[in-house]
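A.B. asks: Got a file for you: work-v2.txt, compact mmCIF, C-alpha atoms.
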```txt
# COMPACT_ATOMS: atom_id res chain seq x y z
CA MET I 1 0.00 0.00 0.00
CA ALA I 2 1.17 3.41 -0.09
CA ALA I 3 0.88 6.60 1.72
CA ALA I 4 2.85 9.88 2.47
CA SER I 5 4.00 12.63 5.12
CA LEU I 6 6.31 15.61 5.54
CA LEU I 7 8.89 17.73 7.39
CA LEU I 8 12.41 17.85 8.42
CA THR I 9 15.40 18.36 10.60
CA ALA I 10 18.99 17.51 10.00
CA LEU I 11 22.22 15.94 10.90
CA CYS I 12 24.92 15.55 8.33
CA ALA I 13 26.85 12.32 8.17
CA GLY I 14 27.79 11.38 11.68
CA GLN I 15 26.68 14.71 13.15
CA ALA I 16 24.10 14.55 15.92
CA PRO I 17 20.92 16.59 15.49
CA ALA I 18 20.45 19.62 17.66
CA ALA I 19 18.37 19.31 20.80
CA ALA I 20 14.66 19.51 20.14
CA PRO I 21 13.23 23.03 20.36
CA PRO I 22 10.53 23.68 22.97
CA GLY I 23 7.77 23.10 20.42
CA ARG I 24 4.22 22.33 21.49
CA VAL I 25 4.65 19.61 24.05
CA ASP I 26 1.93 18.92 26.62
CA ILE I 27 2.64 15.26 27.33
CA ASP I 28 4.44 13.96 30.38
CA PRO I 29 7.98 15.42 30.37
CA ALA I 30 9.52 11.99 30.93
CA VAL I 31 7.72 10.58 27.86
CA ALA I 32 8.68 13.65 25.82
CA GLU I 33 12.32 13.18 26.75
CA GLN I 34 12.12 9.50 25.86
CA LEU I 35 10.68 10.40 22.44
CA ASP I 36 13.29 13.11 21.88
CA ASP I 37 16.12 10.71 22.65
CA ALA I 38 14.71 7.86 20.54
CA ILE I 39 14.03 10.07 17.51
CA THR I 40 17.45 11.71 17.56
CA ALA I 41 19.08 8.28 17.94
CA ALA I 42 17.15 6.98 14.91
CA MET I 43 18.15 10.05 12.90
CA ARG I 44 21.79 9.56 13.81
CA LYS I 45 21.67 5.86 12.94
CA ALA I 46 20.09 6.48 9.53
CA ALA I 47 21.88 9.80 8.80
CA ILE I 48 18.59 11.68 8.33
CA PRO I 49 19.02 15.46 7.86
CA GLY I 50 15.62 16.55 9.19
CA VAL I 51 12.51 15.16 10.79
CA GLY I 52 9.19 16.64 11.88
CA VAL I 53 6.99 14.69 14.29
CA GLY I 54 3.50 15.63 15.40
CA LEU I 55 1.36 13.51 17.72
CA TRP I 56 -1.91 15.03 18.87
CA VAL I 57 -4.73 13.67 21.05
CA ASP I 58 -7.99 15.59 20.54
CA GLY I 59 -8.42 18.24 23.21
CA GLU I 60 -5.61 16.82 25.29
CA ASP I 61 -1.92 16.11 24.98
CA SER I 62 0.34 16.92 22.07
CA TYR I 63 3.92 16.32 21.07
CA VAL I 64 5.12 18.44 18.15
CA ARG I 65 8.85 18.55 17.49
CA ALA I 66 11.17 19.45 14.62
CA PHE I 67 14.67 18.02 14.60
CA GLY I 68 17.53 18.92 12.33
CA THR I 69 17.41 21.16 9.32
CA ALA I 70 15.21 21.97 6.36
CA ASP I 71 18.26 22.99 4.33
CA LYS I 72 21.69 21.43 4.80
CA ALA I 73 23.34 24.34 2.97
CA THR I 74 22.08 27.02 5.36
CA GLY I 75 21.15 25.05 8.48
CA VAL I 76 17.65 26.58 8.52
CA PRO I 77 15.58 24.51 10.96
CA ILE I 78 12.35 22.75 10.12
CA LYS I 79 9.09 24.21 11.40
CA THR I 80 5.52 22.96 11.39
CA ASP I 81 4.48 25.57 8.82
CA THR I 82 7.30 24.71 6.39
CA HIS I 83 6.03 23.48 3.01
CA THR I 84 7.00 20.00 1.91
CA ARG I 85 6.18 17.55 -0.87
CA ILE I 86 3.89 14.83 0.50
CA GLY I 87 3.92 12.20 -2.24
CA SER I 88 1.11 9.67 -2.16
CA VAL I 89 -0.81 11.43 0.59
CA THR I 90 -2.02 13.23 -2.55
CA LYS I 91 -4.19 10.19 -3.27
CA THR I 92 -6.39 11.02 -0.30
CA PHE I 93 -7.30 14.33 -1.96
CA THR I 94 -7.80 12.98 -5.49
CA VAL I 95 -10.07 10.17 -4.30
CA THR I 96 -11.98 12.63 -2.10
CA ALA I 97 -12.74 14.64 -5.25
CA VAL I 98 -14.03 11.48 -6.96
CA LEU I 99 -16.25 10.71 -3.98
CA GLN I 100 -17.66 14.24 -4.01
CA LEU I 101 -18.69 13.64 -7.63
CA VAL I 102 -20.33 10.42 -6.43
CA ASP I 103 -22.30 12.46 -3.89
CA ASP I 104 -23.27 14.87 -6.67
CA GLY I 105 -24.69 11.98 -8.71
CA LYS I 106 -22.16 12.53 -11.51
CA VAL I 107 -20.08 9.39 -10.96
CA ARG I 108 -20.97 5.84 -9.93
CA LEU I 109 -18.36 3.84 -8.07
CA ASP I 110 -19.36 0.57 -9.68
CA ALA I 111 -19.59 1.93 -13.22
CA PRO I 112 -16.86 0.91 -15.68
CA VAL I 113 -14.18 3.53 -16.10
CA SER I 114 -15.00 3.44 -19.84
CA THR I 115 -18.24 5.25 -18.91
CA TYR I 116 -16.17 8.34 -18.24
CA LEU I 117 -12.80 7.91 -19.99
CA ASP I 118 -11.80 6.48 -23.37
CA GLY I 119 -8.68 4.54 -24.19
CA VAL I 120 -8.25 2.45 -21.00
CA PRO I 121 -7.36 -1.16 -21.90
CA GLY I 122 -10.11 -3.36 -20.49
CA GLY I 123 -11.85 -0.21 -19.28
CA ASP I 124 -15.26 -1.83 -19.72
CA LYS I 125 -14.34 -4.35 -17.02
CA ILE I 126 -12.54 -2.02 -14.57
CA THR I 127 -14.74 -0.01 -12.23
CA VAL I 128 -14.09 3.38 -10.67
CA ARG I 129 -14.09 1.64 -7.30
CA GLN I 130 -11.35 -0.73 -8.43
CA LEU I 131 -9.19 2.22 -9.43
CA ALA I 132 -9.69 3.83 -6.02
CA ASP I 133 -9.02 0.67 -3.99
CA MET I 134 -6.05 -0.50 -6.09
CA ARG I 135 -7.67 -3.60 -7.59
CA SER I 136 -7.70 -2.68 -11.28
CA GLY I 137 -4.70 -4.80 -12.30
CA LEU I 138 -3.33 -1.95 -14.44
CA TYR I 139 0.46 -1.82 -14.68
CA ASN I 140 2.11 0.76 -12.42
CA TYR I 141 3.88 3.19 -14.77
CA THR I 142 6.48 4.07 -12.10
CA GLU I 143 7.90 0.56 -12.50
CA ASP I 144 8.65 1.07 -16.20
CA PRO I 145 12.46 0.93 -16.71
CA ARG I 146 12.43 3.47 -19.55
CA LEU I 147 10.42 5.99 -17.55
CA LEU I 148 12.75 5.55 -14.59
CA ALA I 149 15.84 6.04 -16.72
CA THR I 150 14.36 9.14 -18.34
CA TYR I 151 13.35 10.60 -15.00
CA LYS I 152 16.77 9.93 -13.49
CA ALA I 153 18.50 11.60 -16.45
CA ASP I 154 16.24 14.67 -16.38
CA PRO I 155 14.26 15.09 -13.13
CA HIS I 156 13.17 18.60 -14.18
CA ARG I 157 11.24 17.31 -17.17
CA THR I 158 7.49 17.98 -17.38
CA TRP I 159 5.28 14.90 -17.84
CA THR I 160 1.68 14.98 -19.04
CA PRO I 161 -0.90 12.59 -17.58
CA GLN I 162 -1.31 11.02 -21.02
CA GLU I 163 2.42 10.30 -21.25
CA LEU I 164 2.20 8.48 -17.92
CA LEU I 165 -0.79 6.45 -19.08
CA ASP I 166 0.83 5.65 -22.42
CA THR I 167 3.75 4.22 -20.46
CA ALA I 168 1.43 2.09 -18.34
CA PHE I 169 -0.67 0.89 -21.26
CA ARG I 170 2.37 -0.39 -23.16
CA HIS I 171 2.37 -3.19 -20.58
CA PRO I 172 -0.29 -5.89 -20.21
CA ALA I 173 -2.45 -5.86 -17.09
CA ASP I 174 -0.90 -7.61 -14.11
CA PHE I 175 -4.13 -9.49 -13.30
CA PRO I 176 -7.88 -9.41 -14.08
CA ALA I 177 -9.64 -6.52 -12.38
CA GLY I 178 -10.98 -7.27 -8.94
CA THR I 179 -9.01 -10.48 -8.35
CA ARG I 180 -6.41 -9.05 -5.98
CA TRP I 181 -4.84 -5.90 -4.59
CA GLU I 182 -1.75 -4.19 -6.01
CA TYR I 183 -0.66 -0.61 -5.59
CA SER I 184 -0.49 1.30 -8.87
CA ASN I 185 -0.09 5.03 -9.46
CA THR I 186 -1.76 4.50 -12.84
CA ASN I 187 -5.08 4.10 -11.03
CA THR I 188 -4.93 7.53 -9.42
CA VAL I 189 -3.76 9.32 -12.56
CA LEU I 190 -6.88 7.95 -14.27
CA LEU I 191 -9.01 9.20 -11.37
CA GLY I 192 -7.43 12.64 -11.73
CA LEU I 193 -8.46 12.72 -15.39
CA LEU I 194 -11.94 11.54 -14.41
CA VAL I 195 -12.27 14.47 -11.98
CA GLU I 196 -11.19 16.89 -14.70
CA LYS I 197 -13.62 15.52 -17.27
CA VAL I 198 -16.67 15.13 -15.04
CA GLY I 199 -15.92 18.05 -12.72
CA GLY I 200 -15.23 20.39 -15.63
CA GLN I 201 -12.08 21.94 -14.12
CA PRO I 202 -8.34 21.26 -14.07
CA LEU I 203 -7.57 18.95 -11.16
CA HIS I 204 -5.57 21.55 -9.23
CA THR I 205 -8.46 24.03 -9.49
CA TYR I 206 -11.08 21.47 -8.51
CA LEU I 207 -9.08 20.39 -5.46
CA GLN I 208 -8.48 23.99 -4.42
CA GLN I 209 -12.15 24.93 -4.58
CA HIS I 210 -13.82 21.71 -3.44
CA VAL I 211 -11.32 20.11 -1.04
CA PHE I 212 -8.53 22.39 0.18
CA GLU I 213 -10.62 25.50 0.81
CA PRO I 214 -13.60 23.76 2.52
CA ALA I 215 -11.15 21.82 4.71
CA ASP I 216 -9.32 25.08 5.59
CA LEU I 217 -6.01 23.84 4.17
CA GLY I 218 -4.51 27.21 3.30
CA ALA I 219 -0.96 25.88 2.80
CA THR I 220 -1.90 22.88 0.63
CA SER I 221 -1.83 22.89 -3.17
CA LEU I 222 -1.33 20.72 -6.24
CA PRO I 223 1.40 22.46 -8.27
CA THR I 224 1.25 22.66 -12.05
CA GLY I 225 5.06 22.59 -12.33
CA ALA I 226 8.10 22.35 -10.08
CA GLU I 227 7.07 25.29 -7.91
CA ILE I 228 6.96 25.01 -4.12
CA ALA I 229 5.88 27.80 -1.77
CA SER I 230 8.36 29.34 0.67
CA PRO I 231 9.45 28.54 3.24
CA TYR I 232 10.01 24.98 2.09
CA VAL I 233 11.88 21.89 3.09
CA HIS I 234 14.79 20.78 0.93
CA GLY I 235 14.63 17.05 0.20
CA TYR I 236 17.74 14.92 -0.32
CA THR I 237 17.96 11.86 -2.58
CA ASN I 238 20.54 9.64 -4.24
CA PHE I 239 18.22 8.69 -7.11
CA THR I 240 20.79 10.09 -9.52
CA PRO I 241 22.82 8.69 -12.45
CA ASN I 242 25.97 8.40 -10.33
CA GLY I 243 24.35 7.71 -6.96
CA ALA I 244 25.40 11.06 -5.52
CA THR I 245 23.09 12.62 -2.93
CA VAL I 246 21.55 15.89 -4.19
CA ASP I 247 18.87 18.43 -3.28
CA ALA I 248 15.67 17.39 -5.12
CA SER I 249 13.45 20.24 -3.93
CA THR I 250 13.20 21.80 -7.40
CA TRP I 251 12.61 18.53 -9.26
CA ASN I 252 9.38 18.48 -11.24
CA PRO I 253 6.76 16.22 -9.58
CA SER I 254 4.48 16.13 -12.64
CA TRP I 255 5.38 12.47 -13.14
CA ALA I 256 3.35 11.82 -9.97
CA TRP I 257 0.53 14.36 -10.62
CA ALA I 258 -2.79 13.16 -9.11
CA ALA I 259 -0.96 10.28 -7.43
CA GLY I 260 1.74 12.20 -5.60
CA ALA I 261 2.53 15.84 -6.47
CA THR I 262 0.78 17.75 -3.65
CA ILE I 263 2.54 20.24 -1.35
CA SER I 264 1.42 20.76 2.24
CA THR I 265 2.63 21.40 5.80
CA MET I 266 2.54 19.49 9.08
CA ASP I 267 -0.08 21.87 10.43
CA ASP I 268 -2.36 21.36 7.41
CA LEU I 269 -1.97 17.58 7.55
CA HIS I 270 -2.80 17.62 11.26
CA SER I 271 -6.06 19.32 10.30
CA TRP I 272 -6.72 17.14 7.25
CA VAL I 273 -6.36 13.65 8.72
CA PRO I 274 -9.40 13.81 11.05
CA THR I 275 -11.47 15.16 8.15
CA LEU I 276 -10.23 12.35 5.91
CA VAL I 277 -11.10 9.66 8.44
CA THR I 278 -14.49 11.05 9.55
CA GLY I 279 -15.73 12.82 6.42
CA LYS I 280 -16.50 15.88 8.59
CA LEU I 281 -15.05 19.34 8.07
CA PRO I 282 -13.53 21.33 10.94
CA ASP I 283 -16.67 23.50 11.18
CA GLY I 284 -18.89 20.42 11.62
CA ASP I 285 -20.26 20.32 8.08
CA ARG I 286 -19.76 17.18 6.01
CA LEU I 287 -17.13 16.83 3.32
CA LEU I 288 -18.83 13.62 2.15
CA GLU I 289 -22.20 12.02 2.77
CA PRO I 290 -22.12 9.37 5.54
CA GLY I 291 -22.79 6.49 3.15
CA THR I 292 -20.03 7.59 0.80
CA GLN I 293 -17.60 8.02 3.68
CA ALA I 294 -18.49 4.51 4.89
CA GLN I 295 -17.57 3.12 1.48
CA ARG I 296 -14.25 4.95 1.57
CA MET I 297 -13.49 3.42 4.98
CA ARG I 298 -14.32 -0.17 3.99
CA MET I 299 -10.85 -1.69 4.32
CA LEU I 300 -10.22 -4.83 2.28
CA PRO I 301 -7.27 -7.23 2.65
CA THR I 302 -4.07 -6.45 0.77
CA GLY I 303 -2.28 -9.73 1.30
CA HIS I 304 -0.16 -8.27 4.11
CA PRO I 305 -0.94 -8.93 7.78
CA ASP I 306 -2.63 -6.02 9.59
CA ILE I 307 -2.75 -3.89 6.41
CA GLY I 308 -6.03 -3.00 4.72
CA TYR I 309 -6.88 -0.57 1.93
CA GLY I 310 -10.09 1.33 1.25
CA LEU I 311 -10.80 4.03 -1.32
CA GLY I 312 -7.56 6.00 -1.43
CA ILE I 313 -6.91 5.30 2.24
CA ALA I 314 -5.00 2.65 4.17
CA GLU I 315 -5.09 1.03 7.61
CA LEU I 316 -2.06 -0.38 9.41
CA ASP I 317 -2.58 -1.85 12.89
CA GLY I 318 -5.33 0.67 13.66
CA TRP I 319 -3.63 3.71 12.10
CA ILE I 320 -5.71 5.06 9.20
CA GLY I 321 -4.55 7.48 6.51
CA HIS I 322 -1.76 7.38 3.97
CA ASN I 323 2.00 7.59 3.59
CA GLY I 324 3.98 9.00 0.72
CA GLU I 325 7.51 8.95 -0.63
CA LEU I 326 9.17 10.65 -3.57
CA PRO I 327 12.78 11.59 -4.21
CA GLY I 328 13.97 13.51 -1.16
CA TYR I 329 10.70 13.43 0.77
CA GLU I 330 8.75 11.01 2.94
CA THR I 331 5.49 11.63 4.79
CA ILE I 332 3.07 9.73 7.01
CA ALA I 333 -0.32 11.26 7.90
CA VAL I 334 -2.55 8.94 9.93
CA ARG I 335 -5.22 8.73 12.61
CA LEU I 336 -5.79 6.22 15.44
CA PRO I 337 -9.55 6.67 15.99
CA GLN I 338 -9.84 4.63 19.19
CA GLU I 339 -7.30 6.92 20.87
CA ARG I 340 -8.52 10.08 19.09
CA ALA I 341 -4.88 10.52 18.06
CA THR I 342 -3.39 12.00 14.88
CA MET I 343 0.23 11.46 13.81
CA VAL I 344 2.18 13.29 11.13
CA ILE I 345 5.77 12.38 10.26
CA VAL I 346 7.88 14.34 7.78
CA VAL I 347 11.38 13.34 6.66
CA ASN I 348 13.54 15.22 4.14
CA SER I 349 15.52 12.29 2.81
CA ASP I 350 14.93 8.99 1.05
CA VAL I 351 18.59 7.97 1.01
CA ASP I 352 18.32 4.34 2.03
CA GLY I 353 21.29 2.80 3.73
CA LYS I 354 19.83 -0.29 5.34
CA PHE I 355 16.68 1.00 7.02
CA GLY I 356 14.14 0.97 4.18
CA SER I 357 11.49 3.67 4.51
CA LEU I 358 12.93 6.39 6.75
CA SER I 359 9.51 7.79 7.64
CA SER I 360 8.44 4.31 8.75
CA LEU I 361 11.60 4.07 10.85
CA ILE I 362 10.63 7.27 12.67
CA ALA I 363 6.95 6.27 12.96
CA ASN I 364 7.96 2.90 14.40
CA THR I 365 10.23 4.65 16.89
CA VAL I 366 7.44 7.02 17.99
CA THR I 367 4.62 4.49 18.23
CA LYS I 368 6.67 1.96 20.20
CA ILE I 369 6.80 4.59 22.95
CA ALA I 370 3.54 6.50 22.53
CA THR I 371 1.09 3.79 21.38
CA PRO I 372 2.73 0.42 22.17
CA GLU I 373 -0.49 -1.46 21.41
CA HIS I 374 -0.58 0.06 17.91
CA VAL I 375 2.97 0.09 16.52
CA TRP I 376 3.61 1.31 12.98
CA SER I 377 5.51 -1.55 11.36
CA LEU I 378 5.58 -2.30 7.65
CA PRO I 379 6.77 -5.72 6.52
CA PRO I 380 9.69 -5.43 4.06
CA ALA I 381 7.56 -6.69 1.17
CA ALA I 382 5.05 -3.90 1.81
CA GLN I 383 7.55 -1.04 1.83
CA PRO I 384 6.98 1.36 -1.05
CA ASN I 385 10.00 2.34 -3.13
CA ALA I 386 11.24 5.87 -2.71
CA VAL I 387 12.16 6.51 -6.32
CA PRO I 388 11.06 8.42 -8.18
CA GLU I 389 8.11 8.53 -5.86
CA SER I 390 7.34 6.23 -3.01
CA SER I 391 4.19 7.98 -2.17
CA ALA I 392 1.59 5.62 -1.02
CA PRO I 393 0.67 3.45 1.90
CA PRO I 394 2.43 0.12 2.25
CA THR I 395 2.46 -1.72 -1.04
CA PRO I 396 2.59 -5.45 -1.56
CA ALA I 397 4.83 -5.70 -4.54
CA PRO I 398 8.01 -3.65 -4.31
CA SER I 399 9.08 -2.13 -7.58
CA PRO I 400 12.64 -1.71 -8.78
CA ALA I 401 12.32 2.01 -9.02
CA PRO I 402 10.23 5.03 -8.12
CA SER I 403 7.07 4.81 -6.24
CA SER I 404 4.43 7.29 -5.30
```
Represent the structure contained in this file as structure tokens.

C.D. replies:
Amino acid sequence: MAAASLLLTALCAGQAPAAAPPGRVDIDPAVAEQLDDAITAAMRKAAIPGVGVGLWVDGEDSYVRAFGTADKATGVPIKTDTHTRIGSVTKTFTVTAVLQLVDDGKVRLDAPVSTYLDGVPGGDKITVRQLADMRSGLYNYTEDPRLLATYKADPHRTWTPQELLDTAFRHPADFPAGTRWEYSNTNTVLLGLLVEKVGGQPLHTYLQQHVFEPADLGATSLPTGAEIASPYVHGYTNFTPNGATVDASTWNPSWAWAAGATISTMDDLHSWVPTLVTGKLPDGDRLLEPGTQAQRMRMLPTGHPDIGYGLGIAELDGWIGHNGELPGYETIAVRLPQERATMVIVVNSDVDGKFGSLSSLIANTVTKIATPEHVWSLPPAAQPNAVPESSAPPTPAPSPAPSS
């Protein structure tokens, strides 16, 4: 499955991160100190430049810390209002837009995608629902060797949604629609085009007017190019021709588009996750009708223990939301309903030594201490790849290259 998260703090190779700033910390001081020590130790072990961690319990305790730097060149620290690329957490917004069109009576979840879009191989047998819950069988374009090589050679290139789909459709389907679960960014790119066609607006405009603004997400946007609002986190990756680690903050995320190109902040994600999980806006109004929200939250097996996937949303041992990874950036944005707790993790590196997903390393470190009965732990086979975009909740089949 796949998901996404954001933020940062830094330590260069072998250099310990600075002590955590005061932040917004209301939890027991002894627990806060334990978390501080464990997070900085994990950063040191994995050579992570920057990390942002937010853990909130509704109306009660909070632990919000930023460790390290947002920019290794200047040493500027990470803050909760710093913009970051959130990878596959984008899928939660794109699928929300689809579900709003369902509420408007313009889209049917169980209608074939060919009802709305032409040119999808087997589109008369693949439903909108199967695109949203990752059961279409369509090949994941971010596993295509030629696309990966092209992206690595020129990460500033602009990709159109049709180019991404053409790449996917050159490959046969991996399995008949509906027969199993497999994470594929192709699904969400198709859903983005569906929103544009049925909603009558470019996807970034539709999301701004119908999702971001109603949810009061003033720092969240879907860019149309490589732009990122200031102040922003610099993300570091070694997905380069020679394996050198570079700053990927100005790389063009259009290759991920509806599946992984969104920009946000820790503060906005803290606000968004409860809305995502409940379907209710901060002012009490509904973002989605109760029946539609219930369909989104119907988690089906993925083939991995303790991991389920609904409509653009994942569940891992009680934590519900999404994670995301793309070159230089990793994000986790999830909710533990039974504890009324929200967790946001942001990491500004995807340089993998031997620890796999760095955001999952931090989330595992935090939940072992804060929620020991609900520990974030992805099996190796379910780890998304971080290149070019590992943005998505845990995925069953690891790909040789990027992931969203």

A.B. asks: Which residues come within 8 Å of Gly123 in chain I, counting only C-alpha atoms, excluding same-chain residues fewer than 3 positions away, as number ranges by chain?

C.D. replies: I: 112-114, 118-120, 126-127

A.B. asks: Name all residues at most 9 Å from Glu227 in chain I (count all atoms listed in the file; drop same-chain ones fewer than 6 positions away) and give them as a PDB file with C-alpha atoms, keeping the file's coordinate frame.

C.D. replies:
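Below is the file selection.pdb, written as the result:
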```
ATOM      1  CA  THR I 250      13.200  21.800  -7.400  1.00  0.00           C
ATOM      2  CA  TRP I 251      12.610  18.530  -9.260  1.00  0.00           C
ATOM      3  CA  ASN I 252       9.380  18.480 -11.240  1.00  0.00           C
TER       4      ASN I 252
END
```

A.B. asks: Looking at all atoms listed in the file, which of I:Ala46, I:Ala149, I:Ala261, I:Ala41 is the one that sits closest to Gly356 in chain I?

C.D. replies: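 Nearest to Gly356 in chain I: I:Ala46.
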
A.B. asks: For the contact check between range 209-241 of chain I and range 159-173 of chain I, emit one row per residue of range 209-241 of chain I within 12 Å, containing the shortest atom pair and the distance in Å rounded to one decimal, counting all atoms listed in the file, chain then rising number order, as a tab-separated table.

C.D. replies:
```
residue	atom	partner	partner_atom	distance
I:Thr224	CA	I:Thr160	CA	10.4
I:Gly225	CA	I:Trp159	CA	9.5
I:Ala226	CA	I:Trp159	CA	11.1
```

A.B. asks: For the point (14.6, 22.2, 11.9) in the file's frame, write as a PyMOL selection string all residues with an atom no more than 8 Å away, counting all atoms listed in the file.

C.D. replies: chain I and resi 8-10+50-52+66-70+75-79

A.B. asks: If you keep C-alpha atoms, can you produce a file of those selected residues as an mmCIF file, in the frame of the given file?

C.D. replies:
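Result file follows (result35.cif):
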```cif
data_model
loop_
_atom_site.group_PDB
_atom_site.id
_atom_site.type_symbol
_atom_site.label_atom_id
_atom_site.label_comp_id
_atom_site.auth_asym_id
_atom_site.auth_seq_id
_atom_site.Cartn_x
_atom_site.Cartn_y
_atom_site.Cartn_z
ATOM 1 C CA LEU I 8 12.410 17.850 8.420
ATOM 2 C CA THR I 9 15.400 18.360 10.600
ATOM 3 C CA ALA I 10 18.990 17.510 10.000
ATOM 4 C CA GLY I 50 15.620 16.550 9.190
ATOM 5 C CA VAL I 51 12.510 15.160 10.790
ATOM 6 C CA GLY I 52 9.190 16.640 11.880
ATOM 7 C CA ALA I 66 11.170 19.450 14.620
ATOM 8 C CA PHE I 67 14.670 18.020 14.600
ATOM 9 C CA GLY I 68 17.530 18.920 12.330
ATOM 10 C CA THR I 69 17.410 21.160 9.320
ATOM 11 C CA ALA I 70 15.210 21.970 6.360
ATOM 12 C CA GLY I 75 21.150 25.050 8.480
ATOM 13 C CA VAL I 76 17.650 26.580 8.520
ATOM 14 C CA PRO I 77 15.580 24.510 10.960
ATOM 15 C CA ILE I 78 12.350 22.750 10.120
ATOM 16 C CA LYS I 79 9.090 24.210 11.400
#
```

A.B. asks: Please compute the CA of Pro337 in chain I-CA of Asp350 in chain I distance, one decimal, in Å.

C.D. replies: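 Calculated distance between CA of Pro337 in chain I and CA of Asp350 in chain I is 28.8 Å.
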
A.B. asks: Which is closest to Tyr141 in chain I among I:Ala256, I:Ile228, I:Leu217, I:Val53, if we use all atoms listed in the file?

C.D. replies: I:Ala256

A.B. asks: Identify the residues around (-17.8, 11.7, -1.7) within a radius of 7 Å, measuring from only C-alpha atoms in the coordinates stated by the file, and give them as a list of chain:residue names.

C.D. replies: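 Selection result: I:Thr96, I:Ala97, I:Val98, I:Leu99, I:Gln100, I:Leu101, I:Val102, I:Asp103, I:Leu288, I:Glu289, I:Thr292, I:Gln293.
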
A.B. asks: I want to know what sits within 8 Å of Val198 in chain I, based on all atoms listed in the file, with residues of the same chain fewer than 6 positions away left out; could you give that as a tab-separated table (two decimals) with C-alpha atoms, keeping the file's coordinate frame?

C.D. replies:
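What landed in part_24.tsv:
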```tsv
chain	number	residue	atom	x	y	z
I	101	LEU	CA	-18.69	13.64	-7.63
I	106	LYS	CA	-22.16	12.53	-11.51
I	107	VAL	CA	-20.08	9.39	-10.96
I	116	TYR	CA	-16.17	8.34	-18.24
```

A.B. asks: Leaving out Thr371 in chain I and any residue of its chain fewer than 5 positions from it, which residues lie within 10 Å of it when counting only C-alpha atoms, given as a VMD selection string?

C.D. replies: chain I and resid 336 339 341 364 366 376

A.B. asks: Could you jot down the CA of Glu60 in chain I to CA of His83 in chain I separation for me, Å, one decimal place?

C.D. replies: 26.0 Å

A.B. asks: For Ser88 in chain I, which of I:Pro282, I:Pro301, I:Gly260, I:Pro327 is the closest residue, counting all atoms listed in the file?

C.D. replies: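 Selected residue with least distance to Ser88 in chain I: I:Gly260.
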
A.B. asks: If we count all atoms listed in the file and set the cut-off at 7 Å, which residues sit around range 257-259 of chain I, ignoring sequence neighbours fewer than 6 positions away in its own chain? Please answer as a compact mmCIF listing (two decimals) with C-alpha atoms, in the frame of the given file.

C.D. replies:
```
# COMPACT_ATOMS: atom_id res chain seq x y z
CA SER I 88 1.11 9.67 -2.16
CA THR I 90 -2.02 13.23 -2.55
CA LYS I 91 -4.19 10.19 -3.27
CA THR I 94 -7.80 12.98 -5.49
CA ASN I 185 -0.09 5.03 -9.46
CA THR I 188 -4.93 7.53 -9.42
CA VAL I 189 -3.76 9.32 -12.56
CA GLY I 192 -7.43 12.64 -11.73
CA SER I 404 4.43 7.29 -5.30
```

A.B. asks: If I take CA of Ile320 in chain I and CA of Gly178 in chain I, how far is one from the other in Å, to one decimal?

C.D. replies: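 If I compute the distance from CA of Ile320 in chain I to CA of Gly178 in chain I, I get 22.6 Å.
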